[in-house]
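Working notes, beginning with the structure itself.
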Amino acid sequence: MRVIDLETVLPGGDGEHPGTGQRGPAGPDRLPNPQGYGWSNYDTIFTRSDTPDAPAVNAVSDIRPPAERAAELVKLMDQAGVVKSVVAAASNAVTAEVVQAFPNRFIGFAHLSPYDGMRAVRELERLVREEGIGGLSVAALYDVVSPSDRRYYPLYAKAVELGIPVRIYTSMPYANDRPYDLAHPRHLDTIAMDFPELTIIAGLSGWPWINDMVGLLRRHPNLFCDTAAHRPKYLGQPGSGWEQFMQFGNTLIQDKVMVGLSWGLLGMSMEDIIDEYLALPLKESVKEKWLYSNACRVLGIE
């Protein structure tokens, strides 16, 4: 089965994403965070799979050029039947380099700070028109400001004008130095009401507020979601909290769901992750939508 992946990373990683350090201004006099506080809390939340052939994607010693690592990623995609992937690297320059090297295999989503005002708006237009970037990534996890904050609104307006989708981090952050509901799905409701022409992708599908997410997907025509950062087999496991998502994802919102393989995070091969999606209790026609055709429509892939 053909697959379009809504979240991938380069082999070898790409440095630290902006905002993953200490909360607040950096400086020489800042003391280190307490153990397990802030971003380091993720070390206790996510554990790597014990899959023996899991690729090492975050090796800090990998200094190969991005295009070379992207070529390796394309080989992995070919083996798994992934025809296209969304990549959002730690820098927009790296994302653009990857997209330009393999324009038929990658879509780049840029991250811009809401604190940069109209400078960010102008940079988004430049990235789209000159660098081949195809979407905007908004992550309260990194920016420590909710996605419905008015400071994002000029960027949303420009995304509508440019005809590009916005992928918004929608889940509880485990960095415990910022509010747990910073990226609650309710923020998408406000954005979708104010920008009915904006194509919104709820990255990570709103866990643990799954019922709210399902309701909003039914409510707003231009709101979609992806399953990134979640191991597929647990979506179908009773008691996991995904029951309503699976029920409606197989019926009323079957045209709204896309997959994010997140193979670098899960520590599994793409093939194994896809196999877990194919094993979910979904109609065969719905599996094809989740894995491929919904993303074709939402991302404008022919």
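Labeling convention for the structure tokens: chains A, B, ... as they appear, residues from 1 per chain, ligands from 1 in order of appearance.
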### Message
Which of range 169-207 of chain A end up as strand (DSSP E or B) when DSSP is run on this backbone - answer as a PyMOL selection string?
### Response
chain A and resi 169+200-203
Take the residues that were just selected and, keeping C-alpha atoms, output them as a PDB file, in the first residue's frame.
ATOM      1  CA  TYR A 169       0.855  20.670  17.486  1.00  0.00           C
ATOM      2  CA  ILE A 200      -5.547  23.071   9.593  1.00  0.00           C
ATOM      3  CA  ILE A 201      -3.853  19.776  10.450  1.00  0.00           C
ATOM      4  CA  ALA A 202      -3.994  18.813  14.119  1.00  0.00           C
ATOM      5  CA  GLY A 203      -0.644  17.141  14.628  1.00  0.00           C
TER       6      GLY A 203
END
Closest atom pairs, residues of range 211-301 of chain A within 7 Å of range 174-197 of chain A, only C-alpha atoms, as a tab-separated table:
residue	atom	partner	partner_atom	distance
A:Asp212	CA	A:Pro185	CA	6.7
A:Met213	CA	A:Pro185	CA	5.9
A:Leu216	CA	A:Asp189	CA	6.8
A:His220	CA	A:Ala192	CA	6.8
Take the residues just selected and output them with N, CA and C atoms as an mmCIF file, in the first residue's frame.
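Result file follows (result-v9.cif):
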data_model
loop_
_atom_site.group_PDB
_atom_site.id
_atom_site.type_symbol
_atom_site.label_atom_id
_atom_site.label_comp_id
_atom_site.auth_asym_id
_atom_site.auth_seq_id
_atom_site.Cartn_x
_atom_site.Cartn_y
_atom_site.Cartn_z
ATOM 1 N N ASP A 212 -12.862 15.551 22.439
ATOM 2 C CA ASP A 212 -12.931 16.939 21.951
ATOM 3 C C ASP A 212 -12.428 17.024 20.516
ATOM 4 N N MET A 213 -11.328 16.303 20.234
ATOM 5 C CA MET A 213 -10.744 16.336 18.897
ATOM 6 C C MET A 213 -11.718 15.780 17.865
ATOM 7 N N LEU A 216 -14.480 18.299 17.129
ATOM 8 C CA LEU A 216 -14.035 19.421 16.312
ATOM 9 C C LEU A 216 -13.785 19.004 14.867
ATOM 10 N N HIS A 220 -15.665 21.264 11.884
ATOM 11 C CA HIS A 220 -15.008 22.190 10.960
ATOM 12 C C HIS A 220 -14.569 21.479 9.675
#
Kindly provide the residues of range 174-227 of chain A that approach range 283-291 of chain A to within 12 Å, each paired with its closest atom pair and their distance in Å to one decimal, based on only C-alpha atoms, listed by chain and increasing number, as a tab-separated table.
residue	atom	partner	partner_atom	distance
A:Phe224	CA	A:Trp290	CA	11.1
A:Cys225	CA	A:Trp290	CA	10.0
A:Asp226	CA	A:Trp290	CA	8.7
A:Thr227	CA	A:Trp290	CA	9.4
### Minimum-distance residue to Ala70 in chain A, chosen among A:Phe106, A:Tyr292, A:Trp39, A:Tyr234 (using only C-alpha atoms)
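Among the listed residues, A:Phe106 lies closest to Ala70 in chain A.
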### Task
Run DSSP on the backbone and grab whatever in range 135-232 of chain A lands in helix (DSSP H, G or I); send it over as a PyMOL selection string.
chain A and resi 140-143+150-162+186-194+204-206+210-219+232
Keeping only N, CA, C and O atoms, write the selected residues to a file as a compact mmCIF listing (two decimals), in the first residue's frame.
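Just written: selection01.txt:
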# COMPACT_ATOMS: atom_id res chain seq x y z
N ALA A 140 3.06 24.94 20.03
CA ALA A 140 3.05 25.56 21.35
C ALA A 140 4.09 24.92 22.26
O ALA A 140 4.61 25.56 23.17
N LEU A 141 4.39 23.67 22.00
CA LEU A 141 5.40 22.96 22.78
C LEU A 141 6.72 23.71 22.77
O LEU A 141 7.43 23.77 23.79
N TYR A 142 7.08 24.29 21.63
CA TYR A 142 8.33 25.02 21.50
C TYR A 142 8.17 26.51 21.78
O TYR A 142 9.02 27.12 22.41
N ASP A 143 7.10 27.10 21.29
CA ASP A 143 6.92 28.54 21.40
C ASP A 143 6.42 28.97 22.78
O ASP A 143 6.54 30.13 23.16
N ARG A 150 -3.20 35.76 19.46
CA ARG A 150 -3.33 36.71 18.35
C ARG A 150 -2.01 36.95 17.62
O ARG A 150 -2.01 37.38 16.45
N ARG A 151 -0.88 36.65 18.26
CA ARG A 151 0.42 36.87 17.60
C ARG A 151 0.62 35.93 16.42
O ARG A 151 1.44 36.21 15.54
N TYR A 152 -0.10 34.83 16.38
CA TYR A 152 -0.02 33.92 15.23
C TYR A 152 -0.90 34.37 14.06
O TYR A 152 -0.73 33.89 12.94
N TYR A 153 -1.85 35.24 14.33
CA TYR A 153 -2.88 35.51 13.32
C TYR A 153 -2.34 36.07 12.00
O TYR A 153 -2.83 35.69 10.93
N PRO A 154 -1.34 36.95 12.02
CA PRO A 154 -0.79 37.38 10.71
C PRO A 154 -0.21 36.22 9.91
O PRO A 154 -0.32 36.20 8.67
N LEU A 155 0.39 35.23 10.59
CA LEU A 155 0.91 34.06 9.89
C LEU A 155 -0.21 33.22 9.31
O LEU A 155 -0.10 32.71 8.18
N TYR A 156 -1.31 33.06 10.04
CA TYR A 156 -2.45 32.31 9.52
C TYR A 156 -3.04 33.00 8.30
O TYR A 156 -3.40 32.35 7.31
N ALA A 157 -3.15 34.32 8.37
CA ALA A 157 -3.70 35.06 7.23
C ALA A 157 -2.81 34.90 6.00
O ALA A 157 -3.30 34.71 4.87
N LYS A 158 -1.50 34.93 6.20
CA LYS A 158 -0.57 34.75 5.07
C LYS A 158 -0.66 33.32 4.53
O LYS A 158 -0.58 33.11 3.31
N ALA A 159 -0.85 32.33 5.40
CA ALA A 159 -0.99 30.95 4.94
C ALA A 159 -2.23 30.81 4.06
O ALA A 159 -2.20 30.10 3.04
N VAL A 160 -3.32 31.46 4.42
CA VAL A 160 -4.52 31.43 3.58
C VAL A 160 -4.20 32.06 2.23
O VAL A 160 -4.55 31.53 1.17
N GLU A 161 -3.55 33.20 2.24
CA GLU A 161 -3.21 33.90 1.00
C GLU A 161 -2.31 33.04 0.11
O GLU A 161 -2.48 33.02 -1.12
N LEU A 162 -1.36 32.33 0.71
CA LEU A 162 -0.42 31.50 -0.05
C LEU A 162 -1.01 30.14 -0.42
O LEU A 162 -0.43 29.42 -1.24
N ARG A 186 -9.20 22.87 21.87
CA ARG A 186 -10.11 24.02 21.86
C ARG A 186 -9.51 25.22 21.14
O ARG A 186 -10.24 26.06 20.60
N HIS A 187 -8.18 25.32 21.11
CA HIS A 187 -7.55 26.44 20.41
C HIS A 187 -7.80 26.35 18.90
O HIS A 187 -7.91 27.37 18.22
N LEU A 188 -7.92 25.13 18.39
CA LEU A 188 -8.20 24.96 16.97
C LEU A 188 -9.60 25.45 16.62
O LEU A 188 -9.83 25.94 15.51
N ASP A 189 -10.53 25.31 17.56
CA ASP A 189 -11.89 25.78 17.33
C ASP A 189 -11.89 27.28 17.07
O ASP A 189 -12.52 27.77 16.12
N THR A 190 -11.15 28.02 17.89
CA THR A 190 -11.06 29.47 17.72
C THR A 190 -10.44 29.83 16.38
O THR A 190 -10.94 30.70 15.65
N ILE A 191 -9.35 29.15 16.04
CA ILE A 191 -8.66 29.45 14.77
C ILE A 191 -9.55 29.13 13.58
O ILE A 191 -9.65 29.91 12.63
N ALA A 192 -10.21 27.97 13.62
CA ALA A 192 -11.07 27.56 12.50
C ALA A 192 -12.26 28.49 12.33
O ALA A 192 -12.71 28.73 11.20
N MET A 193 -12.78 29.01 13.42
CA MET A 193 -13.88 29.98 13.32
C MET A 193 -13.40 31.29 12.70
O MET A 193 -14.10 31.89 11.87
N ASP A 194 -12.21 31.74 13.08
CA ASP A 194 -11.70 33.02 12.60
C ASP A 194 -11.10 32.93 11.20
O ASP A 194 -11.03 33.94 10.49
N LEU A 204 -0.66 15.11 15.95
CA LEU A 204 -0.74 14.24 17.12
C LEU A 204 -2.17 13.98 17.58
O LEU A 204 -2.40 13.28 18.57
N SER A 205 -3.15 14.57 16.90
CA SER A 205 -4.57 14.22 17.08
C SER A 205 -5.14 14.46 18.47
O SER A 205 -6.14 13.86 18.85
N GLY A 206 -4.54 15.35 19.24
CA GLY A 206 -5.22 15.85 20.42
C GLY A 206 -5.19 15.03 21.68
O GLY A 206 -5.93 15.32 22.61
N ILE A 210 -9.21 13.26 23.28
CA ILE A 210 -9.62 12.62 22.05
C ILE A 210 -11.07 12.95 21.69
O ILE A 210 -11.39 13.24 20.53
N ASN A 211 -11.96 12.91 22.64
CA ASN A 211 -13.37 13.17 22.34
C ASN A 211 -13.56 14.59 21.84
O ASN A 211 -14.35 14.84 20.90
N ASP A 212 -12.86 15.55 22.44
CA ASP A 212 -12.93 16.94 21.95
C ASP A 212 -12.43 17.02 20.52
O ASP A 212 -13.01 17.72 19.68
N MET A 213 -11.33 16.30 20.23
CA MET A 213 -10.74 16.34 18.90
C MET A 213 -11.72 15.78 17.86
O MET A 213 -11.90 16.36 16.79
N VAL A 214 -12.35 14.67 18.18
CA VAL A 214 -13.32 14.07 17.26
C VAL A 214 -14.47 15.03 16.98
O VAL A 214 -14.90 15.22 15.83
N GLY A 215 -14.97 15.66 18.03
CA GLY A 215 -16.06 16.61 17.84
C GLY A 215 -15.68 17.77 16.95
O GLY A 215 -16.45 18.19 16.08
N LEU A 216 -14.48 18.30 17.13
CA LEU A 216 -14.03 19.42 16.31
C LEU A 216 -13.79 19.00 14.87
O LEU A 216 -14.04 19.78 13.93
N LEU A 217 -13.30 17.79 14.65
CA LEU A 217 -13.12 17.30 13.28
C LEU A 217 -14.45 17.21 12.55
O LEU A 217 -14.53 17.48 11.34
N ARG A 218 -15.49 16.86 13.25
CA ARG A 218 -16.82 16.84 12.65
C ARG A 218 -17.36 18.25 12.42
O ARG A 218 -18.12 18.50 11.49
N ARG A 219 -16.97 19.16 13.27
CA ARG A 219 -17.53 20.52 13.28
C ARG A 219 -16.96 21.41 12.18
O ARG A 219 -17.68 22.21 11.58
N PRO A 232 0.97 2.87 16.46
CA PRO A 232 -0.34 2.50 15.91
C PRO A 232 -1.08 1.43 16.69
O PRO A 232 -2.30 1.50 16.86
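Nearest to Leu112 in chain A of all the residues A:Leu136, A:Gly239, A:Pro173, A:Thr95 is A:Leu136, based on only C-alpha atoms.
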### Task
Please indicate the distance in Å from CA of Val166 in chain A to CA of Gly135 in chain A, rounded to one decimal place.
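Interatomic distance here is 5.8 Å.
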### Task
Measuring atom to atom with only C-alpha atoms, identify which of A:Ala139, A:Val257, A:Ala80, A:Leu127 is nearest to Ala295 in chain A.
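For Ala295 in chain A, the nearest of the given residues is A:Val257.
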### Task
List the neighbours of Gly81 in chain A out to 10 Å using only C-alpha atoms; skip same-chain residues closer than 5 positions along the sequence, and give me the result as number ranges by chain.
A: 1-4, 75-76, 270-271, 274
#### Entry: Two-atom distance - CA of Arg167 in chain A, CA of Val99 in chain A (Å)
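So the answer is 17.2 Å.
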### Message
Let me make sure I understand: among A:Ala279, A:Tyr37, A:Gly264, A:Trp207, which one has the smallest atom-to-atom distance to Gly12 in chain A if we use only C-alpha atoms?
### Response
A:Gly264
### Message
Can you tell me which residues surround Trp263 in chain A at a distance of at most 9 Å, considering only C-alpha atoms, apart from same-chain residues fewer than 2 positions away, and format the answer as a ChimeraX atom specification?
### Response
/A:7-9,54-55,57,229,260-261,265-270,273
